[in-house]
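Colleague: Okay, so here is coords.csv, and as you'll see once you scroll down, it has CSV, C-alpha atoms and all ligand atoms.
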chain,number,residue,atom,x,y,z
Y,1,MET,CA,103.0,149.8,97.9
Y,2,ILE,CA,100.6,149.9,100.8
Y,3,THR,CA,98.1,147.8,99.0
Y,4,ILE,CA,100.6,145.1,98.2
Y,5,LEU,CA,101.7,144.9,101.8
Y,6,LYS,CA,98.1,144.7,103.0
Y,7,ASP,CA,97.3,142.0,100.5
Y,8,TYR,CA,100.2,139.9,101.9
Y,9,LEU,CA,99.0,140.4,105.5
Y,10,ASN,CA,95.4,139.6,104.6
Y,11,LYS,CA,96.4,136.5,102.7
Y,12,HIS,CA,98.4,135.2,105.7
Y,13,ASP,CA,95.9,136.3,108.4
Y,14,LEU,CA,98.4,138.6,109.9
Y,15,SER,CA,97.6,142.0,111.4
Y,16,HIS,CA,101.0,143.6,110.9
Y,17,PHE,CA,104.7,143.2,110.1
Y,18,ASP,CA,107.3,143.1,112.9
Y,19,LEU,CA,110.4,143.5,110.7
Y,20,LYS,CA,113.7,142.2,112.1
Y,21,ALA,CA,115.6,140.8,109.2
Y,22,VAL,CA,116.1,140.8,105.4
Y,23,LEU,CA,117.0,137.5,103.9
Y,24,PHE,CA,119.2,137.8,100.8
Y,25,ASP,CA,119.7,135.2,98.1
Y,26,MET,CA,123.3,135.3,96.8
Y,27,ASP,CA,123.8,134.6,93.1
Y,28,GLY,CA,122.1,137.2,91.0
Y,29,VAL,CA,121.1,139.3,94.1
Y,30,LEU,CA,124.5,140.1,95.7
Y,31,PHE,CA,127.0,138.8,93.2
Y,32,ASP,CA,126.7,139.2,89.4
Y,33,SER,CA,127.5,135.6,88.9
Y,34,MET,CA,124.5,134.1,87.2
Y,35,LYS,CA,126.0,134.9,83.7
Y,36,TRP,CA,129.0,132.8,84.6
Y,37,HIS,CA,126.9,130.0,86.0
Y,38,ALA,CA,124.8,130.0,82.8
Y,39,LYS,CA,127.9,130.2,80.5
Y,40,SER,CA,129.5,127.3,82.4
Y,41,TRP,CA,126.4,125.1,82.2
Y,42,LYS,CA,126.0,125.7,78.5
Y,43,GLU,CA,129.7,124.9,77.8
Y,44,THR,CA,129.4,121.7,80.0
Y,45,MET,CA,126.4,120.5,78.0
Y,46,ASP,CA,128.2,121.3,74.7
Y,47,ASP,CA,131.2,119.2,76.0
Y,48,PHE,CA,128.8,116.3,76.6
Y,49,ASN,CA,126.9,116.8,73.3
Y,50,LEU,CA,123.7,117.8,75.0
Y,51,ALA,CA,121.7,120.6,73.4
Y,52,SER,CA,120.8,123.5,75.6
Y,53,THR,CA,120.6,127.3,75.6
Y,54,THR,CA,122.4,129.7,77.9
Y,55,GLU,CA,119.2,131.4,78.8
Y,56,GLU,CA,117.4,128.2,80.1
Y,57,PHE,CA,119.9,127.9,83.0
Y,58,TYR,CA,118.5,131.1,84.5
Y,59,LEU,CA,115.2,129.3,84.9
Y,60,TYR,CA,116.9,126.4,86.8
Y,61,GLU,CA,118.7,128.8,89.1
Y,62,GLY,CA,118.5,127.5,92.7
Y,63,MET,CA,118.1,123.9,91.6
Y,64,VAL,CA,120.6,121.4,92.9
Y,65,GLY,CA,123.3,120.8,90.2
Y,66,ARG,CA,122.6,117.1,89.7
Y,67,ASN,CA,118.9,117.8,89.2
Y,68,THR,CA,119.8,120.3,86.4
Y,69,ILE,CA,121.9,117.6,84.8
Y,70,ASN,CA,119.2,115.0,85.0
Y,71,HIS,CA,116.6,117.4,83.6
Y,72,ILE,CA,118.7,118.0,80.5
Y,73,MET,CA,119.6,114.3,80.1
Y,74,LYS,CA,116.0,113.3,80.3
Y,75,ARG,CA,115.0,115.8,77.7
Y,76,GLU,CA,117.8,115.2,75.3
Y,77,ARG,CA,118.4,111.4,75.8
Y,78,GLY,CA,115.1,110.3,77.3
Y,79,ARG,CA,116.8,108.7,80.3
Y,80,ASP,CA,118.2,109.6,83.7
Y,81,ALA,CA,121.8,110.6,84.1
Y,82,THR,CA,124.0,108.1,85.8
Y,83,ASP,CA,125.7,109.0,89.0
Y,84,GLU,CA,129.0,109.0,87.2
Y,85,GLU,CA,127.7,111.4,84.5
Y,86,LYS,CA,126.3,113.7,87.2
Y,87,GLU,CA,129.6,113.7,89.0
Y,88,GLN,CA,131.7,114.3,85.8
Y,89,MET,CA,129.4,117.0,84.4
Y,90,TYR,CA,129.1,118.8,87.7
Y,91,LYS,CA,132.9,118.7,88.1
Y,92,ARG,CA,133.3,120.2,84.6
Y,93,LYS,CA,130.7,122.9,85.3
Y,94,THR,CA,132.4,123.8,88.6
Y,95,GLU,CA,135.9,124.1,86.9
Y,96,LEU,CA,134.5,126.4,84.2
Y,97,PHE,CA,132.6,128.5,86.8
Y,98,VAL,CA,135.8,129.0,88.9
Y,99,LYS,CA,137.6,130.0,85.7
Y,100,TYR,CA,135.1,132.6,84.6
Y,101,ASN,CA,133.7,134.0,87.9
Y,102,ASP,CA,135.3,137.4,88.6
Y,103,GLY,CA,133.5,138.0,91.9
Y,104,SER,CA,131.8,141.2,90.7
Y,105,LEU,CA,128.9,142.5,92.6
Y,106,ILE,CA,125.4,143.3,91.3
Y,107,PRO,CA,125.4,147.1,91.0
Y,108,TYR,CA,124.0,148.8,94.2
Y,109,ALA,CA,124.1,145.5,96.1
Y,110,TYR,CA,126.7,146.8,98.6
Y,111,ASP,CA,124.9,150.2,99.0
Y,112,PHE,CA,121.5,148.4,99.5
Y,113,VAL,CA,122.8,146.0,102.1
Y,114,LYS,CA,124.5,148.8,103.9
Y,115,LYS,CA,121.3,150.8,103.9
Y,116,VAL,CA,119.3,147.8,105.3
Y,117,HIS,CA,121.9,147.3,107.9
Y,118,ASN,CA,121.7,151.0,108.9
Y,119,SER,CA,118.0,150.6,109.3
Y,120,GLY,CA,118.8,148.3,112.2
Y,121,LEU,CA,117.8,145.1,110.5
Y,122,LYS,CA,119.7,141.9,110.5
Y,123,CYS,CA,121.1,140.9,107.0
Y,124,VAL,CA,121.2,137.2,106.3
Y,125,VAL,CA,122.3,135.2,103.3
Y,126,VAL,CA,120.2,132.2,102.2
Y,127,THR,CA,121.8,130.4,99.2
Y,128,GLY,CA,121.8,127.0,97.6
Y,129,SER,CA,125.5,127.5,96.8
Y,130,GLY,CA,128.0,125.1,98.4
Y,131,GLN,CA,131.2,126.9,97.5
Y,132,PRO,CA,133.7,126.2,100.3
Y,133,THR,CA,135.0,129.8,100.3
Y,134,LEU,CA,131.6,131.4,100.4
Y,135,ILE,CA,131.8,132.9,103.9
Y,136,ASN,CA,135.2,134.6,103.1
Y,137,LYS,CA,133.8,135.8,99.8
Y,138,ILE,CA,130.8,137.5,101.5
Y,139,ASN,CA,133.0,138.9,104.3
Y,140,ASP,CA,135.4,140.4,101.7
Y,141,SER,CA,132.7,142.1,99.6
Y,142,PHE,CA,130.3,143.0,102.5
Y,143,PRO,CA,132.5,143.4,105.5
Y,144,GLU,CA,130.6,143.2,108.8
Y,145,LEU,CA,127.2,143.4,107.1
Y,146,PHE,CA,126.2,139.8,107.3
Y,147,ASP,CA,126.3,137.6,110.3
Y,148,PRO,CA,128.1,134.3,109.3
Y,149,LYS,CA,126.3,132.4,112.1
Y,150,CYS,CA,122.9,133.0,110.5
Y,151,MET,CA,124.0,132.1,106.9
Y,152,VAL,CA,122.2,129.2,105.2
Y,153,THR,CA,124.1,127.3,102.4
Y,154,ALA,CA,123.8,124.0,100.5
Y,155,PHE,CA,125.5,122.4,103.5
Y,156,ASP,CA,122.7,123.2,105.9
Y,157,VAL,CA,119.6,122.0,104.1
Y,158,LYS,CA,118.3,118.7,102.8
Y,159,HIS,CA,116.0,120.2,100.2
Y,160,GLY,CA,117.1,123.0,97.8
Y,161,LYS,CA,114.8,125.8,96.6
Y,162,PRO,CA,111.9,125.7,95.5
Y,163,HIS,CA,111.4,123.8,98.7
Y,164,PRO,CA,110.7,126.2,101.6
Y,165,GLU,CA,113.4,124.6,103.9
Y,166,PRO,CA,116.2,127.1,103.0
Y,167,TYR,CA,114.1,130.2,104.0
Y,168,LEU,CA,112.5,128.4,107.0
Y,169,MET,CA,116.0,127.7,108.2
Y,170,GLY,CA,117.0,131.3,107.5
Y,171,LEU,CA,114.2,132.5,109.8
Y,172,GLU,CA,115.2,130.0,112.4
Y,173,LYS,CA,118.9,130.9,112.3
Y,174,SER,CA,118.1,134.6,112.5
Y,175,GLY,CA,116.5,134.1,115.9
Y,176,ASN,CA,113.5,131.9,115.5
Y,177,LEU,CA,111.7,134.6,113.5
Y,178,LYS,CA,108.2,134.3,112.2
Y,179,PRO,CA,107.5,134.9,108.5
Y,180,ASN,CA,106.1,138.4,109.2
Y,181,GLN,CA,109.5,139.4,110.9
Y,182,ALA,CA,111.4,139.2,107.6
Y,183,ILE,CA,111.4,139.9,103.9
Y,184,VAL,CA,113.2,138.1,101.2
Y,185,ILE,CA,115.1,139.5,98.2
Y,186,GLU,CA,115.3,137.0,95.3
Y,187,ASN,CA,116.0,137.0,91.6
Y,188,ALA,CA,115.1,133.5,90.5
Y,189,PRO,CA,111.7,131.9,90.0
Y,190,ARG,CA,112.6,128.8,92.2
Y,191,GLY,CA,114.0,131.0,94.9
Y,192,VAL,CA,110.8,133.1,94.9
Y,193,GLU,CA,108.7,129.9,95.1
Y,194,SER,CA,110.8,128.8,98.1
Y,195,ALA,CA,110.4,132.1,100.0
Y,196,VAL,CA,106.7,132.3,99.2
Y,197,ALA,CA,106.2,128.7,100.4
Y,198,ALA,CA,108.0,129.7,103.6
Y,199,GLY,CA,105.3,132.4,104.0
Y,200,VAL,CA,107.7,135.4,103.7
Y,201,PHE,CA,107.0,138.7,101.8
Y,202,THR,CA,109.1,138.4,98.7
Y,203,VAL,CA,110.7,141.1,96.6
Y,204,ALA,CA,112.0,139.9,93.3
Y,205,ILE,CA,114.6,141.8,91.4
Y,206,ASN,CA,115.0,140.8,87.8
Y,207,THR,CA,118.7,141.0,87.2
Y,208,GLY,CA,118.8,138.3,84.4
Y,209,PRO,CA,117.2,137.8,81.0
Y,210,ILE,CA,114.0,136.1,82.1
Y,211,ASP,CA,110.6,137.7,81.7
Y,212,ASP,CA,109.1,139.5,84.7
Y,213,LYS,CA,106.0,137.4,84.3
Y,214,VAL,CA,108.0,134.3,85.4
Y,215,LEU,CA,108.8,136.0,88.7
Y,216,TRP,CA,105.2,137.2,89.2
Y,217,ASP,CA,103.9,133.7,88.4
Y,218,ALA,CA,106.3,132.2,90.9
Y,219,GLY,CA,104.4,134.3,93.5
Y,220,ALA,CA,106.6,137.4,94.1
Y,221,ASN,CA,104.8,140.1,96.0
Y,222,ILE,CA,106.8,142.8,94.1
Y,223,VAL,CA,109.0,142.6,90.9
Y,224,LEU,CA,111.5,145.3,90.4
Y,225,PRO,CA,113.9,145.7,87.4
Y,226,SER,CA,117.2,146.0,89.3
Y,227,MET,CA,118.9,146.3,92.6
Y,228,GLU,CA,119.2,150.0,91.9
Y,229,SER,CA,115.5,150.3,91.8
Y,230,LEU,CA,115.1,148.4,95.1
Y,231,TYR,CA,117.8,150.7,96.6
Y,232,ASN,CA,115.7,153.7,95.5
Y,233,GLU,CA,112.4,152.2,96.6
Y,234,TRP,CA,113.7,151.0,100.1
Y,235,GLU,CA,112.5,154.0,102.2
Y,236,ASN,CA,109.0,153.8,100.7
Y,237,LEU,CA,108.9,150.1,101.3
Y,238,TYR,CA,110.4,150.2,104.8
Y,239,ASN,CA,108.3,153.2,106.0
Y,240,ASN,CA,105.1,151.5,104.9
Y,241,ILE,CA,106.1,148.3,106.6
Y,242,ILE,CA,106.7,149.9,109.9
Y,243,ALA,CA,103.6,152.1,109.6
Y,244,LEU,CA,101.4,149.0,109.3
Y,301,CA,CA,119.7,133.7,92.8
Show this structure as structure tokens.
Modeller:
Amino acid sequence: MITILKDYLNKHDLSHFDLKAVLFDMDGVLFDSMKWHAKSWKETMDDFNLASTTEEFYLYEGMVGRNTINHIMKRERGRDATDEEKEQMYKRKTELFVKYNDGSLIPYAYDFVKKVHNSGLKCVVVTGSGQPTLINKINDSFPELFDPKCMVTAFDVKHGKPHPEPYLMGLEKSGNLKPNQAIVIENAPRGVESAVAAGVFTVAINTGPIDDKVLWDAGANIVLPSMESLYNEWENLYNNIIAL
């Protein structure tokens, strides 16, 4: 653990961490919702006669919906999707997601956030999601653990992940923090790329079906198999960070 932390500091020409906040991605980190997103995407593509696999949507996680649609359209039809197609398909995907999503949490997500909160760190959500009821959803499942004023959603940013803007804005909203004053918890390759591009130490938890290698290749500093393993590893990680 200590070597991984030192490697990060050396790479960024930093002498130490000054940890103040943990920035959490939402889908696949806090909520066990990626399986519903993937299922809804696959069924939408089926409805529009476009070939796809459920698994590939885990790779596009974090991408803006219309870009996912365009990517499939280009591959399957050799052309861009029209604005109307993007709108219709995204509407269909959203309907299906609302129907399937049961709001269940990733196992150990609540316990982990509570533990981080009890360590005296600010807990912040940085998501590409633009669901209108998102703040309520987070408050219902994680009462008083996240500060809604610091939250970054699809409504706040121009560029989605893998652009660094969401995580840079997360640092700013958390009190103009510098990259060495936070760590990021992500589950998706594009989210990891975004956090790494923002210069933040990034822990990936692999809660979906993709290969760990995809998360390492995206630049994750650590890849763990689950939120439970991060929960168990936290004291080791935190104590090493504050000792540096
Ligand atoms: Ca995610």
Colleague: Counting all atoms listed in the file, which residue out of Y:Leu23, Y:Ala188, Y:Val157, Y:Met45 sits closest to ligand CA 301 (chain Y)?
Modeller: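 Going through Y:Leu23, Y:Ala188, Y:Val157, Y:Met45 one by one, the smallest distance to ligand CA 301 (chain Y) is for Y:Ala188.
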Colleague: For the point (124.9, 130.3, 103.2) in file coordinates, what residues are within 10 Å, counting all atoms listed in the file? Give the answer as an MDAnalysis selection string?
Modeller: chainID Y and resid 24:26 124:131 134:135 138 148:157 166 170
Colleague: Of the residues Y:Lys213, Y:His117, Y:Lys20, Y:Arg190, which is the one nearest to ligand CA 301 (chain Y), using all atoms listed in the file?
Modeller: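 Going through Y:Lys213, Y:His117, Y:Lys20, Y:Arg190 one by one, the smallest distance to ligand CA 301 (chain Y) is for Y:Arg190.
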Colleague: For a test of reading the model, state the distance in Å between CA of Ser226 (chain Y) and CA of Asp111 (chain Y), rounded to one decimal.
Modeller: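 So the answer is 13.1 Å.
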Colleague: With all atoms listed in the file as the atoms that count, which of Y:Asp83, Y:Asp7, Y:Asp46, Y:Glu186 lies nearest to Val223 (chain Y)?
Modeller: Y:Glu186
Colleague: How many Å lie between CA of Tyr100 (chain Y) and CA of Lys42 (chain Y), rounded to one decimal?
Modeller: 12.9 Å
Colleague: List all protein, DNA and RNA residues that have at least one atom no more than 12 Å from any atom of ligand CA 301 (chain Y), counting all atoms listed in the file, and write them as number ranges by chain.
Modeller: Y: 24-35, 37-38, 57-63, 106, 125-129, 161-162, 184-195, 204-208, 215
Colleague: If I take CA of Glu56 (chain Y) and CA of Met89 (chain Y), how far is one from the other in Å, to one decimal?
Modeller: 17.0 Å
Colleague: May I ask which of the residues Y:Ala182, Y:Leu50, Y:Val64, Y:Ala197 is the closest one to His163 (chain Y), counting all atoms listed in the file?
Modeller: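 For His163 (chain Y), the nearest of the candidates is Y:Ala197.
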Colleague: Taking 6 positions as the minimum chain separation for residues in the same chain, which residues sit within 10 Å of region 118-121 of chain Y when counting all atoms listed in the file? Answer as a list in words.
Modeller: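 Counting all atoms listed in the file, the residues come to Leu19, Lys20, Ala21, Val22, Phe112, Leu145, Ala182, Glu235 and Tyr238 of chain Y.
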Colleague: From the options Y:Lys6, Y:Arg79, Y:Lys86, Y:His159, which residue's atoms come nearest to Gly65 (chain Y), counting only C-alpha atoms?
Modeller: Y:Lys86
Colleague: Near Ile222 (chain Y), within 8 Å and counting all atoms listed in the file, which residues show up once chain neighbours fewer than 6 positions away are dropped, as a PyMOL selection string?
Modeller: chain Y and resi 4+202-204+216
Colleague: Rank Y:Arg77, Y:Lys99, Y:His71, Y:His16 by their smallest atom-to-atom distance to Gln181 (chain Y), using all atoms listed in the file, and report the top residue only.
Modeller: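 Using all atoms listed in the file, Gln181 (chain Y) sits closest to Y:His16.
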Colleague: Residues at most 10 Å from Glu43 (chain Y), counting only C-alpha atoms, excluding those fewer than 4 positions away in the same chain, as a ChimeraX atom specification?
Modeller: /Y:38-39,47-50,52-54,92-93,96
Colleague: Taking the point (122.1, 137.6, 115.3) as given in the file, collect each protein or nucleic acid residue that comes within 7 Å of it, counting only C-alpha atoms, and present the set as an MDAnalysis selection string.
Modeller: chainID Y and resid 122 147 150 174:175
